[in-house]
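What follows is model34.cif (mmCIF, C-alpha atoms and all ligand atoms).
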data_final
#
loop_
_atom_site.label_atom_id
_atom_site.label_comp_id
_atom_site.auth_asym_id
_atom_site.auth_seq_id
_atom_site.Cartn_x
_atom_site.Cartn_y
_atom_site.Cartn_z
CA MET A 1 3.19 35.21 150.15
CA GLU A 2 0.31 33.83 152.14
CA ASP A 3 -1.20 36.62 154.20
CA LYS A 4 -1.89 35.57 157.79
CA GLY A 5 -2.21 39.22 158.86
CA GLU A 6 -5.99 39.15 159.21
CA GLU A 7 -6.15 36.04 161.38
CA SER A 8 -6.22 36.57 165.14
CA MET A 9 -3.56 34.46 166.87
CA LYS A 10 -2.99 33.59 170.51
CA VAL A 11 0.45 35.04 171.17
CA LEU A 12 2.45 34.35 174.33
CA ILE A 13 5.40 36.71 174.93
CA THR A 14 8.02 35.54 177.42
CA GLY A 15 9.83 38.58 178.81
CA GLY A 16 7.09 40.74 177.33
CA ALA A 17 7.25 43.35 180.10
CA GLY A 18 10.70 44.49 178.95
CA TYR A 19 12.00 47.16 176.59
CA VAL A 20 11.20 45.30 173.37
CA GLY A 21 8.05 43.58 174.63
CA THR A 22 6.34 46.80 175.65
CA ALA A 23 6.96 48.26 172.18
CA LEU A 24 5.57 45.08 170.60
CA ILE A 25 2.41 44.50 172.69
CA PRO A 26 0.41 47.49 171.33
CA GLN A 27 1.24 46.49 167.76
CA LEU A 28 -0.02 42.93 168.31
CA LEU A 29 -3.19 44.20 170.00
CA ALA A 30 -3.77 46.70 167.17
CA ASN A 31 -3.61 43.74 164.77
CA ASN A 32 -6.28 41.94 166.72
CA HIS A 33 -4.06 39.27 168.28
CA GLU A 34 -4.65 37.93 171.79
CA VAL A 35 -1.57 38.70 173.85
CA THR A 36 -0.41 37.02 177.04
CA VAL A 37 2.78 38.26 178.67
CA TYR A 38 4.75 35.78 180.78
CA ASP A 39 7.35 37.65 182.81
CA ASN A 40 8.81 37.68 186.32
CA LEU A 41 8.83 41.50 186.30
CA MET A 42 12.53 41.95 187.10
CA PHE A 43 12.09 45.63 186.33
CA GLY A 44 8.59 46.01 187.72
CA GLY A 45 5.25 46.01 185.97
CA ASP A 46 4.48 49.73 185.54
CA ALA A 47 5.08 49.56 181.79
CA ILE A 48 2.36 46.98 181.13
CA ILE A 49 -0.44 48.65 183.12
CA PRO A 50 -1.97 50.51 180.11
CA PHE A 51 -2.40 47.25 178.17
CA PHE A 52 -4.97 45.88 180.63
CA ARG A 53 -7.35 48.33 178.96
CA SER A 54 -7.65 45.71 176.22
CA PRO A 55 -9.70 42.57 176.96
CA LYS A 56 -7.32 40.79 174.59
CA PHE A 57 -4.39 41.35 176.96
CA SER A 58 -3.48 39.12 179.90
CA PHE A 59 -0.50 38.64 182.16
CA ILE A 60 1.09 35.73 183.99
CA ASN A 61 3.69 36.49 186.62
CA GLY A 62 6.05 33.60 186.02
CA ASP A 63 9.67 32.62 185.66
CA ILE A 64 10.94 30.92 182.50
CA ARG A 65 12.89 28.60 184.81
CA ASP A 66 9.60 27.29 186.23
CA LYS A 67 8.85 24.48 183.77
CA GLU A 68 5.38 23.60 185.06
CA LYS A 69 4.24 27.19 184.96
CA ILE A 70 5.56 27.92 181.46
CA LYS A 71 4.04 24.62 180.30
CA ASP A 72 0.63 25.75 181.45
CA ALA A 73 1.09 29.24 179.99
CA ALA A 74 2.24 27.94 176.59
CA LYS A 75 -0.27 25.16 176.07
CA ASP A 76 -2.89 27.18 174.14
CA ALA A 77 -0.56 29.59 172.34
CA ASP A 78 -0.38 29.55 168.52
CA ILE A 79 2.79 31.62 168.62
CA ILE A 80 5.39 32.10 171.31
CA ILE A 81 7.63 35.14 171.10
CA HIS A 82 10.62 34.34 173.28
CA LEU A 83 12.22 37.44 174.77
CA ALA A 84 12.80 36.47 178.42
CA ALA A 85 16.51 36.74 179.11
CA ILE A 86 19.23 38.34 181.15
CA VAL A 87 20.07 40.94 178.54
CA GLY A 88 23.43 42.50 177.68
CA PHE A 89 26.98 41.50 178.56
CA PRO A 90 27.25 43.57 181.78
CA ALA A 91 24.13 41.96 183.32
CA CYS A 92 25.29 38.46 182.30
CA ARG A 93 28.80 39.08 183.62
CA LYS A 94 27.37 40.22 186.95
CA GLU A 95 25.27 37.08 187.42
CA PRO A 96 26.69 34.36 185.16
CA ASP A 97 24.80 31.42 186.71
CA LEU A 98 21.51 33.26 186.45
CA ALA A 99 22.29 34.23 182.83
CA LYS A 100 22.90 30.58 181.88
CA ALA A 101 19.84 29.37 183.81
CA VAL A 102 17.51 31.92 182.21
CA ASN A 103 18.93 32.28 178.70
CA VAL A 104 19.83 28.64 178.05
CA ASP A 105 17.94 26.41 180.53
CA GLY A 106 14.87 28.66 180.23
CA THR A 107 14.93 28.16 176.47
CA GLN A 108 15.28 24.40 176.96
CA ASN A 109 12.18 24.53 179.18
CA LEU A 110 10.32 26.25 176.38
CA ILE A 111 11.42 23.58 173.91
CA ASP A 112 10.36 20.83 176.33
CA VAL A 113 6.86 22.21 176.89
CA THR A 114 5.95 23.24 173.32
CA SER A 115 5.25 21.30 170.12
CA ASN A 116 5.95 21.79 166.44
CA GLU A 117 2.33 22.83 166.00
CA GLN A 118 3.39 26.11 167.56
CA LEU A 119 5.62 28.78 166.03
CA ILE A 120 8.42 30.23 168.15
CA ILE A 121 9.85 33.62 167.19
CA TYR A 122 13.10 34.26 169.00
CA GLY A 123 14.71 37.61 169.81
CA SER A 124 18.33 36.79 169.06
CA THR A 125 21.17 39.27 168.64
CA GLY A 126 24.00 40.48 166.43
CA SER A 127 26.27 39.89 169.45
CA ASN A 128 26.37 36.29 168.19
CA TYR A 129 28.82 37.37 165.48
CA GLY A 130 31.61 38.69 167.71
CA ALA A 131 34.42 40.58 165.95
CA VAL A 132 34.06 40.15 162.18
CA GLU A 133 36.15 41.69 159.41
CA GLU A 134 33.88 41.13 156.43
CA ILE A 135 30.21 42.14 156.13
CA CYS A 136 28.09 39.84 158.32
CA THR A 137 25.44 37.80 156.57
CA GLU A 138 23.39 35.08 158.22
CA GLU A 139 26.01 32.60 156.93
CA THR A 140 28.92 34.29 158.71
CA PRO A 141 30.26 31.86 161.35
CA LEU A 142 29.16 32.77 164.85
CA ASN A 143 31.85 33.64 167.33
CA PRO A 144 30.22 35.13 170.42
CA LEU A 145 32.77 36.59 172.80
CA SER A 146 30.78 37.41 175.91
CA LEU A 147 28.64 35.16 178.08
CA TYR A 148 25.61 37.10 176.83
CA GLY A 149 26.45 36.35 173.19
CA GLN A 150 27.30 32.73 174.02
CA THR A 151 24.01 32.07 175.82
CA LYS A 152 22.00 33.77 173.08
CA THR A 153 23.84 31.84 170.35
CA LEU A 154 23.28 28.52 172.09
CA ALA A 155 19.59 29.22 172.70
CA GLU A 156 19.12 30.23 169.05
CA LYS A 157 20.73 26.97 167.89
CA MET A 158 18.64 24.87 170.28
CA LEU A 159 15.43 26.45 169.04
CA LEU A 160 16.29 26.15 165.34
CA GLU A 161 17.22 22.49 165.78
CA ASN A 162 14.17 21.52 167.80
CA ARG A 163 11.23 23.77 167.08
CA LYS A 164 9.45 25.55 164.25
CA THR A 165 11.44 28.74 164.74
CA ILE A 166 12.12 32.13 163.20
CA ALA A 167 15.10 33.89 164.80
CA TRP A 168 15.84 37.61 164.53
CA ARG A 169 19.47 38.65 164.94
CA PHE A 170 18.77 42.20 165.96
CA ALA A 171 20.93 45.23 165.57
CA THR A 172 21.39 47.32 168.73
CA ALA A 173 18.09 48.87 169.72
CA PHE A 174 17.48 52.53 170.37
CA GLY A 175 14.51 54.77 171.06
CA VAL A 176 11.84 55.13 173.69
CA SER A 177 9.56 52.36 174.91
CA ALA A 178 7.39 52.05 178.01
CA ARG A 179 10.13 50.06 179.84
CA LEU A 180 12.94 52.36 178.83
CA ARG A 181 16.51 51.06 178.83
CA LEU A 182 19.26 53.62 179.27
CA ASP A 183 22.10 51.09 178.92
CA LEU A 184 21.78 50.83 175.12
CA LEU A 185 24.45 52.75 173.22
CA ILE A 186 22.36 55.52 171.62
CA ASN A 187 19.99 55.81 174.60
CA ASP A 188 22.91 55.89 177.04
CA PHE A 189 24.92 58.45 175.06
CA THR A 190 21.90 60.72 174.55
CA HIS A 191 20.98 60.48 178.23
CA LYS A 192 24.52 61.37 179.35
CA ALA A 193 24.78 64.17 176.78
CA ILE A 194 21.64 65.75 178.20
CA LYS A 195 22.16 65.12 181.90
CA GLU A 196 25.91 65.71 182.11
CA GLY A 197 26.64 67.79 179.04
CA TYR A 198 29.57 65.62 178.01
CA LEU A 199 30.42 62.12 176.83
CA VAL A 200 33.60 60.06 177.16
CA VAL A 201 33.65 57.53 174.34
CA TYR A 202 36.01 54.62 173.68
CA GLU A 203 36.56 52.65 170.45
CA LYS A 204 35.17 55.53 168.39
CA HIS A 205 35.83 53.85 165.04
CA PHE A 206 33.97 50.68 165.99
CA MET A 207 31.13 50.11 163.56
CA ARG A 208 27.75 49.27 165.00
CA THR A 209 24.35 48.73 163.51
CA PHE A 210 21.08 50.02 164.94
CA ILE A 211 17.32 49.54 164.90
CA HIS A 212 14.51 51.48 166.54
CA VAL A 213 12.61 49.46 169.14
CA HIS A 214 9.32 50.14 167.34
CA ASP A 215 10.76 48.56 164.18
CA MET A 216 11.80 45.56 166.29
CA GLY A 217 8.14 45.23 167.26
CA ARG A 218 7.08 45.53 163.61
CA VAL A 219 9.28 42.65 162.51
CA PHE A 220 7.42 40.22 164.77
CA LEU A 221 4.20 41.11 162.96
CA PHE A 222 6.04 40.69 159.66
CA GLY A 223 7.15 37.23 160.78
CA ILE A 224 3.63 36.23 161.81
CA THR A 225 2.23 37.35 158.45
CA ASN A 226 4.97 35.75 156.37
CA GLN A 227 5.73 32.74 158.54
CA ASP A 228 5.31 30.14 155.79
CA ASN A 229 8.29 31.62 153.94
CA MET A 230 10.37 32.31 157.00
CA ILE A 231 10.18 29.28 159.30
CA ASN A 232 13.44 27.57 160.30
CA ASN A 233 15.44 30.58 159.27
CA VAL A 234 17.48 33.24 160.95
CA TYR A 235 17.43 36.86 159.77
CA ASN A 236 19.56 39.87 160.50
CA VAL A 237 17.08 42.60 161.37
CA GLY A 238 18.11 46.20 160.88
CA ASN A 239 18.85 48.58 158.03
CA GLU A 240 21.89 48.82 155.75
CA ASN A 241 21.74 52.62 156.06
CA MET A 242 22.06 52.42 159.82
CA ASN A 243 25.54 50.89 160.06
CA TYR A 244 27.39 53.69 161.89
CA SER A 245 30.63 54.19 163.79
CA LYS A 246 30.27 55.36 167.37
CA GLU A 247 31.82 58.64 166.22
CA ASN A 248 29.03 59.05 163.60
CA VAL A 249 26.45 58.55 166.36
CA CYS A 250 28.24 61.00 168.66
CA ASN A 251 28.25 63.64 165.93
CA MET A 252 24.49 63.28 165.56
CA ILE A 253 24.01 63.56 169.32
CA LYS A 254 26.36 66.55 169.49
CA GLU A 255 24.36 68.33 166.85
CA LYS A 256 21.15 67.92 168.82
CA THR A 257 22.45 68.45 172.37
CA GLU A 258 25.67 70.49 172.01
CA ALA A 259 27.36 68.05 174.40
CA TYR A 260 31.16 67.99 174.58
CA ILE A 261 32.54 64.66 173.29
CA HIS A 262 35.87 63.31 174.50
CA TYR A 263 37.38 60.21 172.88
CA ALA A 264 39.66 58.09 175.08
CA ASP A 265 40.61 54.42 175.21
CA ILE A 266 39.35 53.90 178.74
CA ALA A 267 37.49 50.62 178.25
CA GLU A 268 36.43 48.05 175.68
CA ASP A 269 33.30 46.28 174.54
CA ALA A 270 33.22 42.69 175.82
CA ASP A 271 31.28 41.62 172.74
CA LYS A 272 33.87 43.35 170.46
CA ARG A 273 30.97 44.51 168.36
CA ASN A 274 32.71 46.12 165.41
CA TYR A 275 30.92 44.94 162.34
CA VAL A 276 28.88 45.92 159.35
CA VAL A 277 25.79 43.80 158.80
CA SER A 278 23.92 42.90 155.62
CA TYR A 279 20.14 42.97 155.82
CA ASP A 280 19.59 41.69 152.26
CA LYS A 281 17.89 38.47 153.34
CA ILE A 282 14.97 40.11 155.15
CA THR A 283 14.85 43.13 152.81
CA ALA A 284 14.33 40.72 149.89
CA LEU A 285 11.14 39.50 151.62
CA GLY A 286 9.85 43.06 151.93
CA TYR A 287 10.72 44.14 155.47
CA GLU A 288 12.05 47.69 155.86
CA THR A 289 12.71 49.68 159.00
CA THR A 290 10.94 53.03 159.28
CA ILE A 291 12.70 55.12 161.94
CA THR A 292 16.16 56.62 161.48
CA VAL A 293 18.81 57.12 164.14
CA GLU A 294 18.37 60.92 163.85
CA GLU A 295 14.64 60.57 164.51
CA GLY A 296 15.32 58.27 167.46
CA ILE A 297 17.79 60.75 168.97
CA ASP A 298 15.21 63.53 168.54
CA GLU A 299 12.56 61.59 170.44
CA LEU A 300 15.06 60.63 173.15
CA VAL A 301 16.14 64.24 173.58
CA ARG A 302 12.50 65.32 174.00
CA ALA A 303 11.68 62.49 176.42
CA LEU A 304 14.85 62.69 178.49
CA LYS A 305 14.59 66.45 178.86
CA ALA A 306 11.01 66.09 180.05
CA VAL A 307 11.40 63.20 182.51
CA GLN A 308 13.86 62.97 185.37
CA PHE A 309 15.13 59.42 185.81
CA ARG A 310 16.16 58.75 189.37
CA THR A 311 18.80 56.19 190.18
CA PRO A 312 18.83 54.68 193.67
CA TYR A 313 22.64 54.59 193.64
CA THR A 314 23.32 58.27 194.11
CA ASN A 315 22.68 60.71 196.94
CA ILE A 316 22.43 63.65 194.59
N1 LIG B 401 17.32 45.66 173.10
C1 LIG B 401 18.23 45.22 172.25
O1 LIG B 401 19.09 45.95 171.70
C2 LIG B 401 18.24 43.79 171.83
C3 LIG B 401 19.02 43.47 170.77
C4 LIG B 401 19.09 42.19 170.39
C5 LIG B 401 18.34 41.22 171.05
N2 LIG B 401 17.57 41.54 172.09
C6 LIG B 401 16.83 40.45 172.76
O2 LIG B 401 15.47 40.82 172.90
C7 LIG B 401 14.97 40.28 174.13
C8 LIG B 401 14.34 41.41 174.94
O3 LIG B 401 15.32 42.38 175.24
P1 LIG B 401 14.93 43.72 176.00
O4 LIG B 401 15.81 44.79 175.47
O5 LIG B 401 13.47 43.89 175.99
O6 LIG B 401 15.43 43.37 177.49
P2 LIG B 401 14.75 43.68 178.90
O7 LIG B 401 15.79 43.35 179.92
O8 LIG B 401 14.11 45.02 178.90
O9 LIG B 401 13.58 42.60 178.97
C9 LIG B 401 13.77 41.27 179.37
C10 LIG B 401 12.49 40.84 180.07
O10 LIG B 401 12.66 39.48 180.45
C11 LIG B 401 12.15 39.32 181.76
N3 LIG B 401 12.83 38.21 182.39
C12 LIG B 401 14.13 38.14 182.79
N4 LIG B 401 14.37 36.96 183.38
C13 LIG B 401 13.20 36.27 183.36
C14 LIG B 401 12.82 34.99 183.82
N5 LIG B 401 13.68 34.20 184.48
N6 LIG B 401 11.55 34.59 183.63
C15 LIG B 401 10.65 35.40 183.02
N7 LIG B 401 10.96 36.63 182.57
C16 LIG B 401 12.21 37.05 182.73
C17 LIG B 401 12.43 40.64 182.46
O11 LIG B 401 11.59 40.85 183.58
C18 LIG B 401 12.20 41.65 181.33
O12 LIG B 401 10.86 42.10 181.35
C19 LIG B 401 16.12 39.61 174.83
O13 LIG B 401 16.04 38.22 174.61
C20 LIG B 401 17.35 40.19 174.16
O14 LIG B 401 18.43 39.29 174.17
C21 LIG B 401 17.49 42.82 172.52
#
Structure rendered as structure tokens:
Amino acid sequence: MEDKGEESMKVLITGGAGYVGTALIPQLLANNHEVTVYDNLMFGGDAIIPFFRSPKFSFINGDIRDKEKIKDAAKDADIIIHLAAIVGFPACRKEPDLAKAVNVDGTQNLIDVTSNEQLIIYGSTGSNYGAVEEICTEETPLNPLSLYGQTKTLAEKMLLENRKTIAWRFATAFGVSARLRLDLLINDFTHKAIKEGYLVVYEKHFMRTFIHVHDMGRVFLFGITNQDNMINNVYNVGNENMNYSKENVCNMIKEKTEAYIHYADIAEDADKRNYVVSYDKITALGYETTITVEEGIDELVRALKAVQFRTPYTNI
């Protein structure tokens, strides 16, 4: 494989101030790349402050729906990592028009203002598969069930058809990053186990597949280095050994927090994510994840015990 690891690239990250972006930025900077984040700071900008320490880091406060602004931001980039989105089915269900405008029209803007001289690496999702009986490979037909999955699937297709693209269909992320998300399954369960001492869990036999957010960051570097072999392809990104049922995950959390777990069919997942995913395609190229679910729960337990997260929606 041709090694592009040594070469410094100009990398633009849309949505780079988010959970994944803030785990990725330090890895790109450590590999000598120039990083520009383009983000409208929906969740604030606290998480990116430390990166200004590096002269190779810059920030543009912009919206992916603003075509002129993204055009200007993208014009000098060698690589565009496209993360800007309304993320997760609950957020998309709450604001469906915004979700379509950002996830689909925003991606169309990016296609319109870039060229095939540039590489786009897209943060796609396993939610594209929907409910699948057999083991999901990249060839498994996509059947997204929520608006989130539908917008992500459409954007992935648009990019692969129109631009020099590598798309990652990520497992569900877990672990700490500077812009922490507590709505992700493992993060949410661990947080509740610590703060409330109990968990109520539905669809306990549903199989899910997980990846630490740091390993999500690592795969972008892997894609940059190995781009010649990977362009115009989609890859499941995760680890075969991290396909777990929710009950498996709860048992791990119980062991580390002593929380009481109650299983009850009180709700259901809009994405019907109940699948086992094959990671053979990317593993064959040499990518391996490095952080296990147990290790991620350990770090979450330490962080969540140390830091009090306030929510504005409670008087307590
Ligand atoms: N975290 C996961 O488990 C996971 C799994 C699969 C795929 N992904 C994908 O990875 C990407 C990043 O996810 P994340 O977990 O970091 O989410 P996140 O919500 O933490 O980050 C999204 C970022 O996009 C920005 N953004 C939103 N709308 C924007 C707009 N109109 N213009 C510019 N910026 C905008 C937000 O301010 C935020 O910083 C998303 O595309 C998501 O679909 C995440």
Report the closest atom pair, with its distance in Å rounded to one decimal, for each residue of chain A that has an atom no farther than 6 Å from ligand LIG 401 (chain B); count only C-alpha atoms and all ligand atoms, sort by chain and then rising residue number, and write it as a tab-separated table.
residue	atom	partner	partner_atom	distance
A:Gly15	CA	B:LIG401	O10	3.4
A:Gly16	CA	B:LIG401	O12	5.7
A:Ala17	CA	B:LIG401	O12	4.0
A:Gly18	CA	B:LIG401	O12	3.4
A:Tyr19	CA	B:LIG401	O5	3.6
A:Val20	CA	B:LIG401	O5	3.7
A:Gly21	CA	B:LIG401	O5	5.6
A:Asp39	CA	B:LIG401	N7	3.8
A:Asn40	CA	B:LIG401	C15	4.4
A:Leu41	CA	B:LIG401	O11	3.9
A:Met42	CA	B:LIG401	O11	3.8
A:Phe43	CA	B:LIG401	O11	5.5
A:Gly62	CA	B:LIG401	C15	5.8
A:Asp63	CA	B:LIG401	N6	3.4
A:Ile64	CA	B:LIG401	N6	3.9
A:Arg65	CA	B:LIG401	N5	5.7
A:Leu83	CA	B:LIG401	O13	3.9
A:Ala84	CA	B:LIG401	O10	3.6
A:Ala85	CA	B:LIG401	C12	4.6
A:Ile86	CA	B:LIG401	C12	5.4
A:Val87	CA	B:LIG401	O14	5.0
A:Val102	CA	B:LIG401	N5	5.0
A:Gly123	CA	B:LIG401	O2	4.5
A:Ser124	CA	B:LIG401	C5	4.9
A:Thr125	CA	B:LIG401	C4	4.0
A:Phe170	CA	B:LIG401	C4	4.4
A:Ala171	CA	B:LIG401	C3	5.8
A:Thr172	CA	B:LIG401	O1	4.0
A:Ala173	CA	B:LIG401	O1	3.7
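Coordinates place CA of Thr107 in chain A at a distance of 17.3 Å from CA of Asp78 in chain A.
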Using all atoms listed in the file, pick whichever of A:Ile194, A:Ala91, A:Ile111, A:Val200 has the shortest atom-to-atom distance to Asp265 in chain A.
->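 Counting all atoms listed in the file, the residue closest to Asp265 in chain A is A:Val200.
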What is the distance, in Å and to one decimal place, between CA of Glu247 in chain A and CA of Ala267 in chain A?
->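 Computing it gives 15.5 Å between the two atoms.
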What's the 9 Å shell around range 215-217 of chain A, counting all atoms listed in the file, without same-chain residues fewer than 4 positions away, as a PyMOL selection string?
-> chain A and resi 20-25+27-28+170+173+211+221+237-238+288-291
Please work out which residues fall within 12 Å of (7.0, 29.2, 170.1), coordinates as given in the file, with all atoms listed in the file counting, and return them as a ChimeraX atom specification.
-> /A:10-14,70-71,73-83,107-123,159-160,162-167,224,231-232
Take the residues that were just selected and, keeping C-alpha atoms, output them as a PDB file, in the frame of the given file.
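Wrote it out as selection34.pdb, contents follow:
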ATOM      1  CA  LYS A  10      -2.990  33.590 170.510  1.00  0.00           C
ATOM      2  CA  VAL A  11       0.450  35.040 171.170  1.00  0.00           C
ATOM      3  CA  LEU A  12       2.450  34.350 174.330  1.00  0.00           C
ATOM      4  CA  ILE A  13       5.400  36.710 174.930  1.00  0.00           C
ATOM      5  CA  THR A  14       8.020  35.540 177.420  1.00  0.00           C
ATOM      6  CA  ILE A  70       5.560  27.920 181.460  1.00  0.00           C
ATOM      7  CA  LYS A  71       4.040  24.620 180.300  1.00  0.00           C
ATOM      8  CA  ALA A  73       1.090  29.240 179.990  1.00  0.00           C
ATOM      9  CA  ALA A  74       2.240  27.940 176.590  1.00  0.00           C
ATOM     10  CA  LYS A  75      -0.270  25.160 176.070  1.00  0.00           C
ATOM     11  CA  ASP A  76      -2.890  27.180 174.140  1.00  0.00           C
ATOM     12  CA  ALA A  77      -0.560  29.590 172.340  1.00  0.00           C
ATOM     13  CA  ASP A  78      -0.380  29.550 168.520  1.00  0.00           C
ATOM     14  CA  ILE A  79       2.790  31.620 168.620  1.00  0.00           C
ATOM     15  CA  ILE A  80       5.390  32.100 171.310  1.00  0.00           C
ATOM     16  CA  ILE A  81       7.630  35.140 171.100  1.00  0.00           C
ATOM     17  CA  HIS A  82      10.620  34.340 173.280  1.00  0.00           C
ATOM     18  CA  LEU A  83      12.220  37.440 174.770  1.00  0.00           C
ATOM     19  CA  THR A 107      14.930  28.160 176.470  1.00  0.00           C
ATOM     20  CA  GLN A 108      15.280  24.400 176.960  1.00  0.00           C
ATOM     21  CA  ASN A 109      12.180  24.530 179.180  1.00  0.00           C
ATOM     22  CA  LEU A 110      10.320  26.250 176.380  1.00  0.00           C
ATOM     23  CA  ILE A 111      11.420  23.580 173.910  1.00  0.00           C
ATOM     24  CA  ASP A 112      10.360  20.830 176.330  1.00  0.00           C
ATOM     25  CA  VAL A 113       6.860  22.210 176.890  1.00  0.00           C
ATOM     26  CA  THR A 114       5.950  23.240 173.320  1.00  0.00           C
ATOM     27  CA  SER A 115       5.250  21.300 170.120  1.00  0.00           C
ATOM     28  CA  ASN A 116       5.950  21.790 166.440  1.00  0.00           C
ATOM     29  CA  GLU A 117       2.330  22.830 166.000  1.00  0.00           C
ATOM     30  CA  GLN A 118       3.390  26.110 167.560  1.00  0.00           C
ATOM     31  CA  LEU A 119       5.620  28.780 166.030  1.00  0.00           C
ATOM     32  CA  ILE A 120       8.420  30.230 168.150  1.00  0.00           C
ATOM     33  CA  ILE A 121       9.850  33.620 167.190  1.00  0.00           C
ATOM     34  CA  TYR A 122      13.100  34.260 169.000  1.00  0.00           C
ATOM     35  CA  GLY A 123      14.710  37.610 169.810  1.00  0.00           C
ATOM     36  CA  LEU A 159      15.430  26.450 169.040  1.00  0.00           C
ATOM     37  CA  LEU A 160      16.290  26.150 165.340  1.00  0.00           C
ATOM     38  CA  ASN A 162      14.170  21.520 167.800  1.00  0.00           C
ATOM     39  CA  ARG A 163      11.230  23.770 167.080  1.00  0.00           C
ATOM     40  CA  LYS A 164       9.450  25.550 164.250  1.00  0.00           C
ATOM     41  CA  THR A 165      11.440  28.740 164.740  1.00  0.00           C
ATOM     42  CA  ILE A 166      12.120  32.130 163.200  1.00  0.00           C
ATOM     43  CA  ALA A 167      15.100  33.890 164.800  1.00  0.00           C
ATOM     44  CA  ILE A 224       3.630  36.230 161.810  1.00  0.00           C
ATOM     45  CA  ILE A 231      10.180  29.280 159.300  1.00  0.00           C
ATOM     46  CA  ASN A 232      13.440  27.570 160.300  1.00  0.00           C
TER      47      ASN A 232
END
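Using only C-alpha atoms, the shortest contact distance between Lys305 in chain A and any of A:Phe210, A:Glu258, A:Leu154, A:His191 is found at A:His191.
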Tell me, in Å to one decimal, how far CA of Arg208 in chain A is from CA of Gly175 in chain A.
->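 CA of Arg208 in chain A sits 15.6 Å away from CA of Gly175 in chain A.
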Mind listing as a compact mmCIF listing (two decimals) with C-alpha atoms, in the frame of the given file all residues within 12 Å of (23.6, 61.7, 183.5), counting all atoms listed in the file?
# COMPACT_ATOMS: atom_id res chain seq x y z
CA LEU A 182 19.26 53.62 179.27
CA ASP A 183 22.10 51.09 178.92
CA ASN A 187 19.99 55.81 174.60
CA ASP A 188 22.91 55.89 177.04
CA PHE A 189 24.92 58.45 175.06
CA THR A 190 21.90 60.72 174.55
CA HIS A 191 20.98 60.48 178.23
CA LYS A 192 24.52 61.37 179.35
CA ALA A 193 24.78 64.17 176.78
CA ILE A 194 21.64 65.75 178.20
CA LYS A 195 22.16 65.12 181.90
CA GLU A 196 25.91 65.71 182.11
CA GLY A 197 26.64 67.79 179.04
CA TYR A 198 29.57 65.62 178.01
CA LEU A 199 30.42 62.12 176.83
CA VAL A 200 33.60 60.06 177.16
CA ALA A 259 27.36 68.05 174.40
CA LEU A 304 14.85 62.69 178.49
CA LYS A 305 14.59 66.45 178.86
CA GLN A 308 13.86 62.97 185.37
CA PHE A 309 15.13 59.42 185.81
CA ARG A 310 16.16 58.75 189.37
CA THR A 311 18.80 56.19 190.18
CA THR A 314 23.32 58.27 194.11
CA ILE A 316 22.43 63.65 194.59
Taking all atoms listed in the file into account, which of A:Ser54, A:Asn233, A:Asn251, A:Thr225 comes nearest Glu138 in chain A?
->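 For Glu138 in chain A, the nearest of the candidates is A:Asn233.
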Rank nothing, just name the residue among A:Lys204, A:Arg302, A:Arg53, A:Arg218 nearest to Tyr287 in chain A, using all atoms listed in the file.
->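 That would be A:Arg218, the residue with the smallest distance to Tyr287 in chain A.
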